[in-house]
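*Asks:* Right, I'll just put the structure down here and ask away after.
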Amino acid sequence: MKELFSGLTAYQVRGWCHSERPDGDSDQHVRFEIDAPIGKGQKRLLRKWKQMLSARFRQEEIYMRVSAPIEWI
């Protein structure tokens with residue numbers, strides 16, 4: 001990830017998502033936040049990466065969020 005983005009922060013967190021189980025699914029995972037301007041090329045890269053991560057970790061879903069445009073000061 002350091003090769004792809006100009007800055008990142010990693011957190012170990014506990015997550016939850018809705019599933020077929022009555023209480024949903026809860027698990028320990030790693031959350032990454034990146035600092036980067038996101039254009040069409042980066043969005044394509046992230047979509048492809050999401051598919052690769054989903055297959056690699058055998059997960060139904062990989063959660064990704066892109067926040068509002070960053071204003072660099």
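Ordered as shown in the structure tokens, chains take letters A, B, and onward, while each chain numbers its residues from 1 and ligands are numbered from 1 in the order shown.
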Hey, what does DSSP flag as helix (DSSP H, G or I) within chain A? Can you give it to me as a PyMOL selection string?

*Replies:* chain A and resi 40-57

*Asks:* Find the spatial neighbours of Pro37 in chain A, counting only C-alpha atoms, within a cut-off of 12 Å - ignore same-chain residues fewer than 3 positions away - and output them as a list in words.

*Replies:* Leu4, Phe5, Ser6, Gly7, Ile34, Lys40, Gly41, Gln42, Lys43, Val66, Ser67, Ala68, Pro69, Ile70, Glu71 and Trp72 of chain A

*Asks:* Mind writing the picked residues with C-alpha atoms as a PDB file, in the first residue's frame?

*Replies:*
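Everything below was put into result-v8.pdb:
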ATOM      1  CA  LEU A   4       0.404   2.970  -4.202  1.00  0.00           C
ATOM      2  CA  PHE A   5      -0.510   5.914  -1.976  1.00  0.00           C
ATOM      3  CA  SER A   6       1.205   9.004  -0.576  1.00  0.00           C
ATOM      4  CA  GLY A   7       0.071   8.408   3.011  1.00  0.00           C
ATOM      5  CA  ILE A  34      -5.202   6.477   2.721  1.00  0.00           C
ATOM      6  CA  LYS A  40     -11.185   7.649 -12.444  1.00  0.00           C
ATOM      7  CA  GLY A  41      -7.943   5.662 -12.717  1.00  0.00           C
ATOM      8  CA  GLN A  42      -7.634   5.254  -8.957  1.00  0.00           C
ATOM      9  CA  LYS A  43     -11.301   4.199  -8.689  1.00  0.00           C
ATOM     10  CA  VAL A  66     -14.177   7.241  -0.532  1.00  0.00           C
ATOM     11  CA  SER A  67     -14.740  10.459   1.407  1.00  0.00           C
ATOM     12  CA  ALA A  68     -15.554  13.858  -0.013  1.00  0.00           C
ATOM     13  CA  PRO A  69     -12.837  15.487  -2.114  1.00  0.00           C
ATOM     14  CA  ILE A  70      -9.751  16.396  -0.129  1.00  0.00           C
ATOM     15  CA  GLU A  71      -8.611  19.975  -0.149  1.00  0.00           C
ATOM     16  CA  TRP A  72      -4.839  20.122   0.094  1.00  0.00           C
TER      17      TRP A  72
END

*Asks:* If DSSP is run on the backbone, what residues of chain A are strand (DSSP E or B)? A reply as a ChimeraX atom specification would be ideal.

*Replies:* /A:7-17,25-35

*Asks:* Fewer than 4 positions away in the same chain doesn't count, so skip those; otherwise give me all residues within 10 Å of range 53-63 of chain A, counting only C-alpha atoms, as a list in words.

*Replies:*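 Once the nearby chain positions are removed, what remains is Cys17, Ser19, Arg31, Arg47, Lys48 and Trp49 of chain A.
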
*Asks:* Can you tell me which residues surround range 25-28 of chain A at a distance of at most 10 Å, considering only C-alpha atoms, apart from same-chain residues fewer than 6 positions away, and format the answer as a ChimeraX atom specification?

*Replies:* /A:12-19

*Asks:* Take the residues just selected and output them with C-alpha atoms as a PDB file, in the first residue's frame.

*Replies:*
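Ended up saving to selection-v8.pdb:
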ATOM      1  CA  GLN A  12      -6.719  -2.890  14.288  1.00  0.00           C
ATOM      2  CA  VAL A  13     -10.470  -2.735  14.881  1.00  0.00           C
ATOM      3  CA  ARG A  14     -13.509  -4.906  15.492  1.00  0.00           C
ATOM      4  CA  GLY A  15     -16.150  -4.780  12.769  1.00  0.00           C
ATOM      5  CA  TRP A  16     -19.688  -5.962  12.188  1.00  0.00           C
ATOM      6  CA  CYS A  17     -21.847  -6.532   9.132  1.00  0.00           C
ATOM      7  CA  HIS A  18     -25.376  -7.777   8.498  1.00  0.00           C
ATOM      8  CA  SER A  19     -25.551 -11.415   7.399  1.00  0.00           C
TER       9      SER A  19
END

*Asks:* Please measure the separation of CA of Pro22 in chain A and CA of Met52 in chain A, giving the value in Å to one decimal.

*Replies:*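 CA of Met52 in chain A lies at a distance of 28.4 Å from CA of Pro22 in chain A.
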
*Asks:* State, in Å with one decimal place, the distance from CA of Lys50 in chain A to CA of Arg21 in chain A.

*Replies:* 23.7 Å

*Asks:* Under the rule that only C-alpha atoms are counted, which of A:Met64, A:Val30, A:Gly24, A:Gly39 is the nearest residue to Tyr11 in chain A?

*Replies:*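 That would be A:Val30, the residue with the smallest distance to Tyr11 in chain A.
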